[in-house]
Amino acid sequence: MNTLTRITALLALLSFPFCVLANAPTTLVFDEIAPGVHVHLGRIDDLFTTPFGPVANVTFIVGETSVALIDSGGSQRAGEMIYTAIRAVTALPIRYVINTHVHPDHNFGNQAFLAEKPEFVAHFRYPGDFAAKAGYYLQRLNTPWFEGTTPVAATLLIDTSTQFDLGNRRITLTPHDRAHTRHDLSVFDEQTHTLIAGDLLFVEHIPTLDGSLLGWLNVIDELDQLPYQRVVPGHGAVQRRKTSSEQSAFALQRHYLESLTVSVRDAIHQHIDINTASNTLMTDHAEQWALFGSFHPRNVIQAYKELEWE
């Protein structure tokens with residue numbers, strides 16, 4: 001490498017953080033999808049490779065006396081922008097910051113809300129995974145977008161269906177059995193019949209399995225029985241309640257997970273090894289989902305480990 005090439009490469013390296021931040025958003029757009037229910041749709045991307053976020057959906061619900069935030073973004077910067085967006089709508093106190101599960105794109109913005117002194121709410125199994133994984137996640141998230149981010153643990157744990165009153169407005173939190181993870185929470189706003197499903201529902205972004213495949217299918221059935229009019233997924237566009245003659249909001253995800261179950265069981269019965277299965281099963285589904293190549297092989301491996309002991 002000659003001197004000019006070295007200088008050019010060095011300048012490019014030094015300018016990289018500034019290029020990243022120059023392209024990053026400075027404000028976040030929230031749409032009011034129902035009275036008092038405000039949603040920001042995250043970018044469809046992988047948190048560990050994206051230069052900036054948020055890459056997960058963020059929801060806040062405004063009652064007469066307080067606000068509940070469901071998921072806080074994946075960095076301090078994201079959390080600060082979410083806080084600013086809430087304050088553009090209401091000056092009411094943010095009483096609850098609800099983390100639907102431990103993955104950092106949903107909770108690494110918590111620190112931006114510490115001054116509000118809310119309860120940071122999570123599933124009763126959340127703390128163990130948070131303690132085990134938060135440091136690892138933080139090490140991997142080392143681009144400028146994540147500078148200054150410090151994970152904040154839950155302060156209030158939910159082990160049964162629980163209602164919070166935001167002031168003449170009730171929301172119901174439900175802790176679920178193993179599904180997307182082993183500690184998923186969903187939130188239902190009774191006033192508008194809005195279900196905030198977290199990563200129990202993926203739209204466009206391929207579902208990612210970090211819990212139990214069979215358990216997730218069971219939880220989908222439970223959620224689909226709720227009287228929802230709309231569903232906010234963890235990733236992707238808000239889904240509306242379908243009529244009885246149409247498919248449910250969970251139909252495409254259910255089809256993927258059921259296909260994964262059948263395909264992995266067949267591979268096990270045919271004695272196809274786990275690595276071969278991860279690279280060959282269900283390739284015809286690739287065009288249906290964003291980030292298929294990044295997450296589908298992992299889903300096959302996770303499913304294989306679960307189903308081989310049936």
# chains A, B, ... in the order shown; residues from 1 in each chain; ligands from 1
$ residues_around --residues "Pro25 of chain A" --least-positions-apart "2" --cutoff "12 Å" --atoms "only C-alpha atoms" --output "JSON, numbers by chain"
{"A": [20, 21, 22, 23, 27, 28, 29, 42, 43, 51, 52, 53, 54, 77, 78, 80, 81, 82, 145]}
$ write_last_selection --atoms "all heavy atoms" --output "compact mmCIF listing (two decimals), in the first residue's frame"
# COMPACT_ATOMS: atom_id res chain seq x y z
N VAL A 20 -21.69 7.97 9.68
CA VAL A 20 -22.80 7.22 10.27
C VAL A 20 -23.80 8.15 10.93
O VAL A 20 -25.00 8.09 10.70
CB VAL A 20 -22.26 6.20 11.30
CG1 VAL A 20 -23.41 5.60 12.10
CG2 VAL A 20 -21.49 5.10 10.59
N LEU A 21 -23.31 9.04 11.78
CA LEU A 21 -24.20 9.92 12.51
C LEU A 21 -24.84 10.95 11.61
O LEU A 21 -25.95 11.41 11.86
CB LEU A 21 -23.43 10.60 13.65
CG LEU A 21 -22.93 9.63 14.72
CD1 LEU A 21 -22.22 10.39 15.83
CD2 LEU A 21 -24.07 8.82 15.29
N ALA A 22 -24.15 11.32 10.51
CA ALA A 22 -24.75 12.26 9.57
C ALA A 22 -25.97 11.66 8.90
O ALA A 22 -26.92 12.36 8.57
CB ALA A 22 -23.71 12.68 8.53
N ASN A 23 -25.96 10.34 8.70
CA ASN A 23 -27.09 9.66 8.06
C ASN A 23 -28.15 9.22 9.05
O ASN A 23 -29.25 8.82 8.65
CB ASN A 23 -26.58 8.43 7.29
CG ASN A 23 -25.72 8.81 6.11
OD1 ASN A 23 -25.96 9.82 5.48
ND2 ASN A 23 -24.72 7.99 5.81
N THR A 27 -34.72 12.96 14.69
CA THR A 27 -36.03 12.90 15.31
C THR A 27 -36.72 11.61 14.86
O THR A 27 -36.34 11.01 13.85
CB THR A 27 -36.91 14.10 14.90
OG1 THR A 27 -37.07 14.10 13.47
CG2 THR A 27 -36.29 15.41 15.35
N LEU A 28 -37.71 11.20 15.61
CA LEU A 28 -38.47 10.00 15.28
C LEU A 28 -39.94 10.37 15.04
O LEU A 28 -40.52 11.14 15.81
CB LEU A 28 -38.38 8.97 16.40
CG LEU A 28 -37.00 8.37 16.68
CD1 LEU A 28 -37.10 7.36 17.82
CD2 LEU A 28 -36.41 7.72 15.44
N VAL A 29 -40.50 9.81 13.99
CA VAL A 29 -41.89 10.05 13.65
C VAL A 29 -42.77 8.99 14.33
O VAL A 29 -42.54 7.79 14.17
CB VAL A 29 -42.11 10.01 12.14
CG1 VAL A 29 -43.60 10.15 11.80
CG2 VAL A 29 -41.30 11.12 11.46
N GLY A 42 -39.89 0.87 13.45
CA GLY A 42 -38.44 0.77 13.32
C GLY A 42 -38.04 0.33 11.92
O GLY A 42 -38.84 -0.24 11.17
N ARG A 43 -36.80 0.56 11.57
CA ARG A 43 -36.25 0.11 10.31
C ARG A 43 -36.17 -1.41 10.31
O ARG A 43 -35.87 -2.03 11.33
CB ARG A 43 -34.85 0.70 10.07
CG ARG A 43 -34.83 2.20 10.01
CD ARG A 43 -33.42 2.78 10.09
NE ARG A 43 -32.62 2.34 8.97
CZ ARG A 43 -31.53 1.59 9.07
NH1 ARG A 43 -31.12 1.19 10.27
NH2 ARG A 43 -30.83 1.25 8.01
N PRO A 51 -25.98 0.64 11.00
CA PRO A 51 -25.24 1.78 11.52
C PRO A 51 -26.04 2.62 12.50
O PRO A 51 -25.49 3.39 13.28
CB PRO A 51 -24.89 2.58 10.27
CG PRO A 51 -25.96 2.23 9.29
CD PRO A 51 -26.29 0.80 9.56
N PHE A 52 -27.36 2.51 12.46
CA PHE A 52 -28.19 3.27 13.37
C PHE A 52 -29.57 2.64 13.44
O PHE A 52 -29.92 1.77 12.65
CB PHE A 52 -28.30 4.75 12.97
CG PHE A 52 -28.77 4.98 11.56
CD1 PHE A 52 -30.12 4.97 11.25
CD2 PHE A 52 -27.86 5.19 10.53
CE1 PHE A 52 -30.56 5.17 9.95
CE2 PHE A 52 -28.29 5.40 9.23
CZ PHE A 52 -29.63 5.39 8.93
N GLY A 53 -30.37 3.09 14.38
CA GLY A 53 -31.71 2.54 14.58
C GLY A 53 -32.70 3.65 14.82
O GLY A 53 -32.44 4.79 14.43
N PRO A 54 -33.83 3.36 15.44
CA PRO A 54 -34.27 2.07 15.97
C PRO A 54 -34.63 1.07 14.87
O PRO A 54 -35.04 1.46 13.79
CB PRO A 54 -35.52 2.42 16.80
CG PRO A 54 -35.49 3.88 17.01
CD PRO A 54 -34.79 4.44 15.81
N ARG A 77 -29.21 7.04 22.40
CA ARG A 77 -29.66 8.04 21.41
C ARG A 77 -31.12 7.79 21.03
O ARG A 77 -31.92 8.72 20.96
CB ARG A 77 -28.79 7.98 20.15
CG ARG A 77 -27.34 8.37 20.35
CD ARG A 77 -26.56 8.20 19.05
NE ARG A 77 -25.13 8.34 19.26
CZ ARG A 77 -24.48 9.50 19.26
NH1 ARG A 77 -25.14 10.61 19.04
NH2 ARG A 77 -23.18 9.53 19.46
N ALA A 78 -31.45 6.53 20.76
CA ALA A 78 -32.84 6.21 20.41
C ALA A 78 -33.78 6.57 21.54
O ALA A 78 -34.85 7.16 21.32
CB ALA A 78 -32.95 4.74 20.05
N GLU A 80 -33.43 8.80 23.88
CA GLU A 80 -33.57 10.25 24.00
C GLU A 80 -34.52 10.82 22.96
O GLU A 80 -35.32 11.72 23.24
CB GLU A 80 -32.19 10.91 23.90
CG GLU A 80 -31.31 10.64 25.11
CD GLU A 80 -29.86 11.08 24.91
OE1 GLU A 80 -29.49 11.40 23.76
OE2 GLU A 80 -29.10 11.11 25.91
N MET A 81 -34.46 10.27 21.74
CA MET A 81 -35.37 10.74 20.69
C MET A 81 -36.81 10.32 20.98
O MET A 81 -37.75 11.05 20.69
CB MET A 81 -34.90 10.24 19.34
CG MET A 81 -33.66 10.96 18.84
SD MET A 81 -33.29 10.63 17.11
CE MET A 81 -32.79 8.92 17.21
N ILE A 82 -36.98 9.13 21.56
CA ILE A 82 -38.31 8.69 21.95
C ILE A 82 -38.86 9.60 23.03
O ILE A 82 -40.02 10.02 22.99
CB ILE A 82 -38.26 7.23 22.43
CG1 ILE A 82 -37.92 6.30 21.27
CG2 ILE A 82 -39.60 6.82 23.06
CD1 ILE A 82 -37.50 4.90 21.70
N TRP A 145 -23.50 4.95 16.97
CA TRP A 145 -24.91 5.08 17.35
C TRP A 145 -25.15 4.62 18.78
O TRP A 145 -26.06 5.10 19.45
CB TRP A 145 -25.77 4.28 16.38
CG TRP A 145 -27.24 4.25 16.73
CD1 TRP A 145 -27.91 3.23 17.33
CD2 TRP A 145 -28.19 5.29 16.52
NE1 TRP A 145 -29.25 3.57 17.50
CE2 TRP A 145 -29.44 4.83 17.00
CE3 TRP A 145 -28.11 6.57 15.96
CZ2 TRP A 145 -30.59 5.60 16.96
CZ3 TRP A 145 -29.27 7.34 15.91
CH2 TRP A 145 -30.48 6.86 16.40
$ residues_around --residues "Gly109 of chain A" --least-positions-apart "6" --cutoff "9 Å" --atoms "only C-alpha atoms" --output "JSON, numbers by chain"
{"A": [71, 72, 73, 74, 75, 76, 77, 78, 79, 80, 82, 149, 150, 151, 152]}
$ write_last_selection --atoms "N, CA, C and O atoms" --output "mmCIF file, in the first residue's frame"
data_model
loop_
_atom_site.group_PDB
_atom_site.id
_atom_site.type_symbol
_atom_site.label_atom_id
_atom_site.label_comp_id
_atom_site.auth_asym_id
_atom_site.auth_seq_id
_atom_site.Cartn_x
_atom_site.Cartn_y
_atom_site.Cartn_z
ATOM 1 N N ASP A 71 -41.387 -0.648 25.024
ATOM 2 C CA ASP A 71 -40.075 -0.764 24.385
ATOM 3 C C ASP A 71 -39.462 0.614 24.150
ATOM 4 O O ASP A 71 -40.160 1.573 23.835
ATOM 5 N N SER A 72 -38.147 0.689 24.333
ATOM 6 C CA SER A 72 -37.484 1.987 24.442
ATOM 7 C C SER A 72 -36.382 2.206 23.422
ATOM 8 O O SER A 72 -35.563 3.112 23.584
ATOM 9 N N GLY A 73 -36.345 1.369 22.360
ATOM 10 C CA GLY A 73 -35.285 1.548 21.372
ATOM 11 C C GLY A 73 -34.020 0.827 21.792
ATOM 12 O O GLY A 73 -33.924 0.270 22.884
ATOM 13 N N GLY A 74 -33.003 0.850 20.907
ATOM 14 C CA GLY A 74 -31.816 0.038 21.111
ATOM 15 C C GLY A 74 -30.569 0.772 21.545
ATOM 16 O O GLY A 74 -29.482 0.189 21.540
ATOM 17 N N SER A 75 -30.693 2.039 21.945
ATOM 18 C CA SER A 75 -29.507 2.794 22.370
ATOM 19 C C SER A 75 -29.949 4.009 23.166
ATOM 20 O O SER A 75 -31.135 4.384 23.159
ATOM 21 N N GLN A 76 -28.989 4.642 23.831
ATOM 22 C CA GLN A 76 -29.296 5.870 24.544
ATOM 23 C C GLN A 76 -29.827 6.931 23.580
ATOM 24 O O GLN A 76 -30.794 7.641 23.896
ATOM 25 N N ARG A 77 -29.209 7.040 22.396
ATOM 26 C CA ARG A 77 -29.658 8.036 21.413
ATOM 27 C C ARG A 77 -31.116 7.790 21.034
ATOM 28 O O ARG A 77 -31.918 8.724 20.957
ATOM 29 N N ALA A 78 -31.452 6.532 20.764
ATOM 30 C CA ALA A 78 -32.836 6.211 20.407
ATOM 31 C C ALA A 78 -33.780 6.568 21.545
ATOM 32 O O ALA A 78 -34.848 7.160 21.323
ATOM 33 N N GLY A 79 -33.406 6.204 22.773
ATOM 34 C CA GLY A 79 -34.238 6.511 23.921
ATOM 35 C C GLY A 79 -34.468 8.004 24.085
ATOM 36 O O GLY A 79 -35.583 8.452 24.388
ATOM 37 N N GLU A 80 -33.433 8.804 23.876
ATOM 38 C CA GLU A 80 -33.565 10.253 24.002
ATOM 39 C C GLU A 80 -34.523 10.818 22.959
ATOM 40 O O GLU A 80 -35.320 11.723 23.238
ATOM 41 N N ILE A 82 -36.976 9.132 21.556
ATOM 42 C CA ILE A 82 -38.311 8.688 21.948
ATOM 43 C C ILE A 82 -38.863 9.603 23.035
ATOM 44 O O ILE A 82 -40.025 10.023 22.986
ATOM 45 N N THR A 149 -24.375 4.167 25.750
ATOM 46 C CA THR A 149 -25.507 3.340 26.159
ATOM 47 C C THR A 149 -25.146 2.467 27.353
ATOM 48 O O THR A 149 -24.112 1.796 27.360
ATOM 49 N N THR A 150 -25.991 2.490 28.362
ATOM 50 C CA THR A 150 -25.839 1.649 29.549
ATOM 51 C C THR A 150 -27.146 0.915 29.803
ATOM 52 O O THR A 150 -28.193 1.555 29.958
ATOM 53 N N PRO A 151 -27.137 -0.411 29.804
ATOM 54 C CA PRO A 151 -28.383 -1.156 30.051
ATOM 55 C C PRO A 151 -28.959 -0.854 31.435
ATOM 56 O O PRO A 151 -28.218 -0.651 32.405
ATOM 57 N N VAL A 152 -30.268 -0.812 31.518
ATOM 58 C CA VAL A 152 -30.982 -0.556 32.774
ATOM 59 C C VAL A 152 -31.903 -1.736 33.051
ATOM 60 O O VAL A 152 -32.721 -2.109 32.208
#
$ select_by_dssp --residues "segment 52-298 of chain A" --states "strand (DSSP E)" --output "VMD selection string"
chain A and resid 58 to 62 67 to 70 94 to 98 119 to 123 156 to 158 162 to 165 170 to 175 185 to 189 194 to 202 230 to 235 239 to 240
$ closest_residue --among "A:Ile98, A:Ala131, A:Ile171, A:Met282" --to "His255 of chain A" --atoms "only C-alpha atoms"
A:Met282
$ residues_around --residues "Arg182 of chain A" --least-positions-apart "6" --cutoff "10 Å" --atoms "only C-alpha atoms" --output "ChimeraX atom specification"
/A:101-102,123-126,129,175-176,210-212,215-216
$ residues_around --residues "segment 116-120 of chain A" --least-positions-apart "5" --cutoff "8 Å" --atoms "only C-alpha atoms" --output "ChimeraX atom specification"
/A:93-99,110,153-156
$ closest_residue --among "A:Pro35, A:Gly63, A:Gly148, A:Pro207" --to "Asp165 of chain A" --atoms "only C-alpha atoms"
A:Gly63
$ closest_residue --among "A:Val231, A:Leu92, A:Ile274, A:Ile196" --to "Phe250 of chain A" --atoms "only C-alpha atoms"
A:Val231
$ residues_around --residues "Val39 of chain A" --least-positions-apart "6" --cutoff "6 Å" --atoms "only C-alpha atoms" --output "list in words"
Phe30, Asp31, Val58 and Thr59 of chain A
$ write_last_selection --atoms "N, CA, C and O atoms" --output "compact mmCIF listing (two decimals), in the first residue's frame"
# COMPACT_ATOMS: atom_id res chain seq x y z
N PHE A 30 -43.76 9.45 15.08
CA PHE A 30 -44.75 8.57 15.68
C PHE A 30 -46.11 8.86 15.07
O PHE A 30 -46.50 10.02 14.94
N ASP A 31 -46.82 7.82 14.68
CA ASP A 31 -48.18 7.95 14.17
C ASP A 31 -49.17 7.55 15.25
O ASP A 31 -48.97 6.54 15.94
N VAL A 58 -41.72 0.97 18.45
CA VAL A 58 -41.84 1.61 19.77
C VAL A 58 -43.25 2.17 19.88
O VAL A 58 -43.76 2.80 18.94
N THR A 59 -43.89 1.94 21.03
CA THR A 59 -45.27 2.41 21.24
C THR A 59 -45.36 3.15 22.57
O THR A 59 -44.77 2.72 23.56
$ closest_residue --among "A:His103, A:Tyr256, A:Phe164, A:Asp224" --to "Asp184 of chain A" --atoms "only C-alpha atoms"
A:His103
$ decode --residues "segment 85-145 of chain A" --atoms "C-alpha atoms" --output "compact mmCIF listing (two decimals), in the first residue's frame"
# COMPACT_ATOMS: atom_id res chain seq x y z
CA ALA A 85 -41.27 12.60 20.80
CA ILE A 86 -43.39 11.79 23.87
CA ARG A 87 -42.85 15.28 25.25
CA ALA A 88 -44.03 16.75 21.95
CA VAL A 89 -47.37 15.03 22.61
CA THR A 90 -47.83 15.28 26.38
CA ALA A 91 -46.23 16.56 29.57
CA LEU A 92 -47.80 13.78 31.66
CA PRO A 93 -45.37 11.64 33.68
CA ILE A 94 -44.01 8.48 32.04
CA ARG A 95 -45.03 6.06 34.76
CA TYR A 96 -44.13 2.76 33.09
CA VAL A 97 -41.40 1.69 30.68
CA ILE A 98 -42.44 -1.81 29.62
CA ASN A 99 -39.77 -4.09 28.12
CA THR A 100 -41.43 -6.83 26.08
CA HIS A 101 -38.30 -9.01 26.24
CA VAL A 102 -34.55 -8.86 26.75
CA HIS A 103 -33.28 -8.31 23.20
CA PRO A 104 -31.43 -4.98 23.18
CA ASP A 105 -33.31 -3.38 20.28
CA HIS A 106 -36.29 -3.27 22.65
CA ASN A 107 -34.74 -2.03 25.91
CA PHE A 108 -31.32 -0.41 25.51
CA GLY A 109 -32.97 3.02 25.44
CA ASN A 110 -34.19 2.64 29.04
CA GLN A 111 -31.56 4.97 30.50
CA ALA A 112 -33.08 7.98 28.73
CA PHE A 113 -36.07 7.67 31.08
CA LEU A 114 -34.28 7.37 34.42
CA ALA A 115 -35.01 10.96 35.37
CA GLU A 116 -38.74 10.22 35.13
CA LYS A 117 -38.33 7.52 37.79
CA PRO A 118 -40.74 5.08 36.13
CA GLU A 119 -41.16 1.44 36.86
CA PHE A 120 -39.17 -0.57 34.32
CA VAL A 121 -41.54 -3.50 33.82
CA ALA A 122 -40.68 -6.96 32.52
CA HIS A 123 -41.55 -10.67 32.64
CA PHE A 124 -40.58 -12.44 35.87
CA ARG A 125 -38.00 -14.53 33.98
CA TYR A 126 -36.42 -11.44 32.43
CA PRO A 127 -33.75 -10.65 35.06
CA GLY A 128 -31.77 -13.86 34.64
CA ASP A 129 -31.41 -13.45 30.89
CA PHE A 130 -30.74 -9.72 31.24
CA ALA A 131 -27.89 -10.39 33.67
CA ALA A 132 -26.47 -13.11 31.44
CA LYS A 133 -26.73 -11.32 28.10
CA ALA A 134 -26.69 -7.54 28.52
CA GLY A 135 -22.90 -7.28 28.75
CA TYR A 136 -22.44 -9.44 25.67
CA TYR A 137 -24.93 -7.38 23.69
CA LEU A 138 -23.23 -4.16 24.75
CA GLN A 139 -19.82 -5.40 23.59
CA ARG A 140 -21.20 -6.18 20.13
CA LEU A 141 -22.97 -2.83 19.78
CA ASN A 142 -19.86 -0.74 19.30
CA THR A 143 -20.69 1.68 16.48
CA PRO A 144 -21.12 5.42 17.21
CA TRP A 145 -24.91 5.08 17.35
